[in-house]
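> Got a structure for you, target_38.txt, holding compact mmCIF, C-alpha atoms.
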```
# COMPACT_ATOMS: atom_id res chain seq x y z
CA VAL A 1 38.09 1.08 65.25
CA PHE A 2 40.49 -1.81 64.55
CA GLU A 3 40.56 -2.78 68.23
CA GLU A 4 36.76 -3.01 68.24
CA LEU A 5 36.76 -5.79 65.61
CA ASP A 6 36.59 -9.39 66.75
CA ASP A 7 39.82 -11.38 66.50
CA ASP A 8 38.86 -13.15 63.29
CA GLN A 9 37.90 -9.93 61.50
CA SER A 10 40.97 -8.03 62.66
CA SER A 11 43.29 -10.87 61.67
CA ARG A 12 41.77 -11.10 58.19
CA LEU A 13 41.98 -7.32 57.73
CA LEU A 14 45.60 -7.20 58.87
CA ALA A 15 46.51 -10.07 56.51
CA LEU A 16 45.09 -8.09 53.57
CA MET A 17 47.12 -4.97 54.30
CA ALA A 18 50.47 -4.08 52.75
CA PRO A 19 53.27 -4.74 55.26
CA ASP A 20 54.10 -1.04 55.73
CA ALA A 21 50.47 -0.12 56.45
CA ALA A 22 50.08 -3.15 58.71
CA ALA A 23 53.27 -2.22 60.61
CA ASP A 24 51.93 1.31 61.14
CA LEU A 25 48.71 -0.12 62.57
CA VAL A 26 50.36 -2.79 64.73
CA GLY A 27 52.82 -0.20 66.04
CA ARG A 28 49.92 1.78 67.48
CA LEU A 29 48.39 -1.17 69.34
CA LEU A 30 49.13 -2.08 72.93
CA PRO A 31 51.92 -4.69 73.04
CA ALA A 32 49.65 -7.56 74.14
CA SER A 33 47.13 -6.74 71.40
CA ALA A 34 49.87 -6.40 68.77
CA GLU A 35 51.32 -9.77 69.73
CA SER A 36 47.94 -11.50 69.58
CA GLN A 37 47.33 -10.05 66.11
CA LEU A 38 50.74 -11.03 64.75
CA VAL A 39 50.53 -14.69 65.80
CA HIS A 40 47.48 -15.17 63.55
CA LEU A 41 49.25 -13.97 60.41
CA PRO A 42 51.06 -16.16 57.88
CA ASP A 43 54.79 -16.40 58.66
CA ARG A 44 55.88 -14.33 55.65
CA GLN A 45 53.50 -11.47 56.46
CA GLN A 46 54.42 -11.60 60.15
CA ARG A 47 58.14 -11.47 59.32
CA ARG A 48 57.72 -8.48 56.97
CA ILE A 49 55.77 -6.52 59.59
CA LEU A 50 58.26 -7.30 62.35
CA GLU A 51 61.17 -6.19 60.13
CA LEU A 52 59.49 -2.80 59.67
CA LEU A 53 58.68 -2.40 63.35
CA HIS A 54 62.43 -2.37 64.16
CA TYR A 55 62.68 1.19 62.89
CA PRO A 56 61.33 4.35 64.51
CA GLU A 57 58.43 5.75 62.49
CA ASP A 58 60.22 9.05 61.85
CA THR A 59 63.08 7.34 59.95
CA ALA A 60 63.46 6.09 56.39
CA GLY A 61 63.14 2.54 57.75
CA GLY A 62 59.92 3.55 59.45
CA ILE A 63 58.33 4.82 56.24
CA MET A 64 59.73 2.25 53.81
CA THR A 65 58.01 -0.77 52.38
CA ASN A 66 59.82 -4.08 52.30
CA GLU A 67 57.49 -5.49 49.69
CA ILE A 68 59.68 -4.82 46.65
CA VAL A 69 60.67 -6.64 43.49
CA VAL A 70 64.24 -7.98 43.55
CA ALA A 71 66.35 -10.00 41.11
CA PRO A 72 69.99 -11.12 40.93
CA GLY A 73 72.02 -9.22 38.35
CA ALA A 74 73.47 -12.37 36.76
CA LEU A 75 70.06 -13.45 35.42
CA SER A 76 69.30 -12.97 31.76
CA VAL A 77 66.22 -10.97 30.89
CA ALA A 78 64.56 -14.18 29.65
CA GLN A 79 65.26 -15.89 33.00
CA ALA A 80 64.15 -12.88 35.03
CA ARG A 81 60.79 -12.21 33.41
CA PRO A 82 58.88 -15.27 34.71
CA MET A 83 60.49 -14.99 38.14
CA LEU A 84 59.64 -11.29 38.39
CA ALA A 85 56.08 -11.79 37.14
CA GLN A 86 55.48 -13.96 40.18
CA GLN A 87 56.95 -11.34 42.55
CA MET A 88 54.87 -8.53 41.02
CA THR A 89 51.57 -9.95 42.23
CA ASN A 90 52.02 -8.71 45.83
CA PRO A 91 53.41 -5.16 46.03
CA ASP A 92 51.02 -2.22 45.73
CA PHE A 93 53.60 -0.21 43.82
CA VAL A 94 55.95 -1.65 41.24
CA TYR A 95 58.01 0.55 38.97
CA TYR A 96 61.55 -0.61 39.64
CA VAL A 97 63.23 -3.96 39.82
CA PHE A 98 66.00 -3.73 42.40
CA VAL A 99 69.04 -5.64 41.15
CA VAL A 100 71.11 -7.38 43.83
CA ASP A 101 74.31 -9.41 43.76
CA ASP A 102 72.54 -12.60 44.86
CA GLU A 103 69.34 -13.65 46.59
CA GLN A 104 71.05 -14.39 49.92
CA ALA A 105 73.24 -11.33 50.50
CA GLN A 106 70.84 -8.93 48.73
CA ARG A 107 73.47 -6.21 48.29
CA LEU A 108 72.02 -3.53 46.03
CA ARG A 109 73.83 -3.23 42.70
CA GLY A 110 71.37 -1.24 40.62
CA VAL A 111 67.82 -0.63 39.49
CA LEU A 112 65.92 -1.00 36.28
CA THR A 113 62.46 0.07 35.26
CA LEU A 114 59.81 -2.34 34.07
CA ARG A 115 60.04 -0.65 30.69
CA ASP A 116 63.78 -1.37 30.55
CA LEU A 117 63.07 -5.00 31.41
CA PHE A 118 60.42 -5.52 28.77
CA VAL A 119 62.19 -3.81 25.87
CA ALA A 120 65.57 -5.43 26.57
CA ASP A 121 66.97 -8.28 24.54
CA ASP A 122 66.22 -11.69 26.12
CA ALA A 123 69.91 -12.59 26.21
CA ALA A 124 71.00 -9.44 28.06
CA ARG A 125 71.85 -9.86 31.74
CA LEU A 126 70.11 -7.59 34.23
CA GLU A 127 73.46 -6.18 35.34
CA GLU A 128 74.06 -5.03 31.75
CA ILE A 129 70.83 -3.03 31.49
CA MET A 130 70.46 -1.73 35.06
CA LEU A 131 71.30 1.75 36.29
CA PRO A 132 74.26 0.93 38.56
CA ASN A 133 74.85 2.37 42.02
CA PRO A 134 71.56 4.22 42.49
CA MET A 135 71.30 6.86 45.18
CA SER A 136 69.95 5.29 48.37
CA VAL A 137 69.18 6.16 51.98
CA GLY A 138 70.00 4.46 55.26
CA PRO A 139 67.21 3.07 57.43
CA LEU A 140 67.90 5.48 60.30
CA GLU A 141 68.05 8.60 58.14
CA PRO A 142 65.30 11.02 59.22
CA ALA A 143 62.10 10.40 57.25
CA MET A 144 61.77 14.02 56.14
CA ALA A 145 65.33 14.13 54.80
CA ALA A 146 64.82 10.82 52.97
CA ALA A 147 61.55 12.07 51.49
CA ARG A 148 63.27 15.25 50.29
CA ARG A 149 66.02 13.22 48.64
CA LEU A 150 63.39 11.10 46.92
CA VAL A 151 61.66 14.20 45.55
CA ASP A 152 64.94 15.89 44.59
CA THR A 153 66.17 12.86 42.62
CA HIS A 154 62.83 12.41 40.83
CA TYR A 155 63.02 8.67 41.55
CA ALA A 156 59.75 6.79 41.76
CA ALA A 157 61.20 4.89 44.73
CA MET A 158 64.39 5.33 46.75
CA PRO A 159 66.13 2.15 47.93
CA VAL A 160 66.84 1.81 51.63
CA VAL A 161 70.09 -0.02 52.40
CA ASN A 162 72.02 -0.78 55.57
CA GLU A 163 75.70 0.02 56.17
CA ARG A 164 76.75 -3.17 54.31
CA GLY A 165 74.71 -2.18 51.24
CA THR A 166 72.03 -4.80 51.89
CA LEU A 167 68.70 -3.83 50.37
CA LEU A 168 66.07 -3.50 53.11
CA GLY A 169 63.21 -1.88 51.22
CA ALA A 170 62.23 1.32 49.46
CA ILE A 171 60.43 4.56 50.18
CA THR A 172 57.93 5.75 47.60
```
Could you express the structure from this file as structure tokens?

Amino acid sequence: VFEELDDDQSSRLLALMAPDAAADLVGRLLPASAESQLVHLPDRQQRRILELLHYPEDTAGGIMTNEIVVAPGALSVAQARPMLAQQMTNPDFVYYVFVVDDEQAQRLRGVLTLRDLFVADDAARLEEIMLPNPMSVGPLEPAMAAARRLVDTHYAAMPVVNERGTLLGAIT
């Protein structure tokens, strides 16, 4: 059905989709069609989709979303709230804030729930209130095994990290 839409309609539809859903769709198109669709997207959306397309669909990377809420652990709660409010407008699912060492390296340090964030003292740093060293999965771990780990841990979302501990996304 998507391939039957004219270019303008298909581009607008793709731009409205979450990156993980858009990557699933683009991954099923013929390469020439996929390329013509991607060039019409805003750079940020295009980059997010291409990042997801690097992983086979039967892996944790293939089922993750890279549209997540992230903050450096050194921020105070008061500093983090306005920054995070801006980030929370895009993702379809937000329950956790993934705490990283810094915005460049993005090494996962911990997670905190939105509840934790909003009931915490303004002066507390995120690294003081986060759950440190959360269980995570690698991007090439089989999707079924990653999904089982997610269910077994009762997490709302399981972070996906590479071998260096860099946060890539999350499976929900």
> With only C-alpha atoms as the atoms that count, which of A:Leu126, A:Tyr55, A:Glu4, A:Val70 lies nearest to Pro142 in chain A?
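Selected residue with least distance to Pro142 in chain A: A:Tyr55.
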> Dump as a ChimeraX atom specification all residues having an atom at most 9 Å from (51.7, 5.2, 57.3), computed in the file's coordinates with all atoms listed in the file.
/A:20-25,57,62-63
> In Å, rounded to a single decimal, give me how far CA of Leu167 in chain A is from CA of Met17 in chain A.
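Calculated distance between CA of Met17 in chain A and CA of Leu167 in chain A is 22.0 Å.
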> Nearest residue to Ala60 in chain A out of A:Gly169, A:Pro159, A:Pro139, A:Pro42, using only C-alpha atoms?
A:Pro139
> Rank nothing, just name the residue among A:Ala78, A:Leu150, A:Leu140, A:Ala157 nearest to Leu52 in chain A, using only C-alpha atoms.
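Nearest candidate to Leu52 in chain A out of A:Ala78, A:Leu150, A:Leu140, A:Ala157: A:Leu140.
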> Is it possible to get the residues within 10 Å of (73.1, 2.6, 39.4) (coordinates as in the file, counting all atoms listed in the file) written as a PDB file with C-alpha atoms, in the frame of the given file?

```pdb
ATOM      1  CA  PHE A  98      66.000  -3.730  42.400  1.00  0.00           C
ATOM      2  CA  VAL A  99      69.040  -5.640  41.150  1.00  0.00           C
ATOM      3  CA  LEU A 108      72.020  -3.530  46.030  1.00  0.00           C
ATOM      4  CA  ARG A 109      73.830  -3.230  42.700  1.00  0.00           C
ATOM      5  CA  GLY A 110      71.370  -1.240  40.620  1.00  0.00           C
ATOM      6  CA  VAL A 111      67.820  -0.630  39.490  1.00  0.00           C
ATOM      7  CA  LEU A 112      65.920  -1.000  36.280  1.00  0.00           C
ATOM      8  CA  GLU A 127      73.460  -6.180  35.340  1.00  0.00           C
ATOM      9  CA  ILE A 129      70.830  -3.030  31.490  1.00  0.00           C
ATOM     10  CA  MET A 130      70.460  -1.730  35.060  1.00  0.00           C
ATOM     11  CA  LEU A 131      71.300   1.750  36.290  1.00  0.00           C
ATOM     12  CA  PRO A 132      74.260   0.930  38.560  1.00  0.00           C
ATOM     13  CA  ASN A 133      74.850   2.370  42.020  1.00  0.00           C
ATOM     14  CA  PRO A 134      71.560   4.220  42.490  1.00  0.00           C
ATOM     15  CA  MET A 135      71.300   6.860  45.180  1.00  0.00           C
ATOM     16  CA  SER A 136      69.950   5.290  48.370  1.00  0.00           C
TER      17      SER A 136
END
```
> Between A:Arg148, A:Arg115, A:Asp8, A:Pro72, which one has atoms that come closest to Leu41 in chain A, using only C-alpha atoms?
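Of A:Arg148, A:Arg115, A:Asp8, A:Pro72, the one nearest Leu41 in chain A, counting only C-alpha atoms, is A:Asp8.
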> Please define a box with edges along x, y and z of the file around all atoms of range 127-141 of chain A given in the file, extend it by 6 Å on each side, and return its centre and edge lengths in Å to one decimal, as lines of an AutoDock Vina configuration file.

```
center_x = 71.0
center_y = 1.2
center_z = 45.9
size_x = 19.6
size_y = 26.8
size_z = 40.8
```
> Separation of CA of Ala120 in chain A and CA of Glu67 in chain A, in Å?
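Between CA of Ala120 in chain A and CA of Glu67 in chain A the gap works out to 24.5 Å.
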> Quick one: everything within 10 Å of Arg81 in chain A, counting all atoms listed in the file, minus sequence neighbours fewer than 2 positions away in the same chain. Send it as a PyMOL selection string.
chain A and resi 71+75-79+83-87+114+117-118+122
> Would you mind completing range 86-99 of chain A so that it carries N, CA, C and O atoms, and writing it out as a CSV table (one decimal), keeping the file's coordinate frame?

```
chain,number,residue,atom,x,y,z
A,86,GLN,N,56.0,-13.4,39.0
A,86,GLN,CA,55.5,-14.0,40.2
A,86,GLN,C,55.6,-13.0,41.4
A,86,GLN,O,54.7,-12.8,42.2
A,87,GLN,N,56.7,-12.3,41.5
A,87,GLN,CA,57.0,-11.3,42.6
A,87,GLN,C,56.0,-10.1,42.4
A,87,GLN,O,55.7,-9.5,43.4
A,88,MET,N,55.6,-9.8,41.2
A,88,MET,CA,54.9,-8.5,41.0
A,88,MET,C,53.4,-8.6,41.4
A,88,MET,O,52.7,-7.7,41.4
A,89,THR,N,53.0,-9.8,41.8
A,89,THR,CA,51.6,-10.0,42.2
A,89,THR,C,51.3,-9.3,43.6
A,89,THR,O,50.1,-9.0,43.9
A,90,ASN,N,52.3,-9.2,44.5
A,90,ASN,CA,52.0,-8.7,45.8
A,90,ASN,C,52.2,-7.2,46.1
A,90,ASN,O,51.3,-6.6,46.7
A,91,PRO,N,53.2,-6.6,45.7
A,91,PRO,CA,53.4,-5.2,46.0
A,91,PRO,C,52.3,-4.3,45.4
A,91,PRO,O,51.8,-4.5,44.3
A,92,ASP,N,52.0,-3.2,46.2
A,92,ASP,CA,51.0,-2.2,45.7
A,92,ASP,C,51.6,-1.4,44.6
A,92,ASP,O,50.9,-0.9,43.8
A,93,PHE,N,52.9,-1.1,44.7
A,93,PHE,CA,53.6,-0.2,43.8
A,93,PHE,C,54.8,-0.9,43.2
A,93,PHE,O,55.7,-1.4,43.9
A,94,VAL,N,54.8,-1.1,41.9
A,94,VAL,CA,56.0,-1.6,41.2
A,94,VAL,C,56.3,-0.8,40.0
A,94,VAL,O,55.5,-0.6,39.1
A,95,TYR,N,57.5,-0.2,40.1
A,95,TYR,CA,58.0,0.6,39.0
A,95,TYR,C,59.4,0.1,38.7
A,95,TYR,O,59.8,0.0,37.5
A,96,TYR,N,60.2,-0.2,39.8
A,96,TYR,CA,61.6,-0.6,39.6
A,96,TYR,C,61.7,-2.1,40.0
A,96,TYR,O,61.0,-2.6,40.9
A,97,VAL,N,62.7,-2.7,39.4
A,97,VAL,CA,63.2,-4.0,39.8
A,97,VAL,C,64.6,-3.6,40.5
A,97,VAL,O,65.4,-2.9,39.8
A,98,PHE,N,64.7,-4.0,41.7
A,98,PHE,CA,66.0,-3.7,42.4
A,98,PHE,C,66.9,-4.9,42.1
A,98,PHE,O,66.6,-6.1,42.4
A,99,VAL,N,68.1,-4.6,41.5
A,99,VAL,CA,69.0,-5.6,41.2
A,99,VAL,C,70.1,-5.8,42.3
A,99,VAL,O,70.7,-4.8,42.7
```
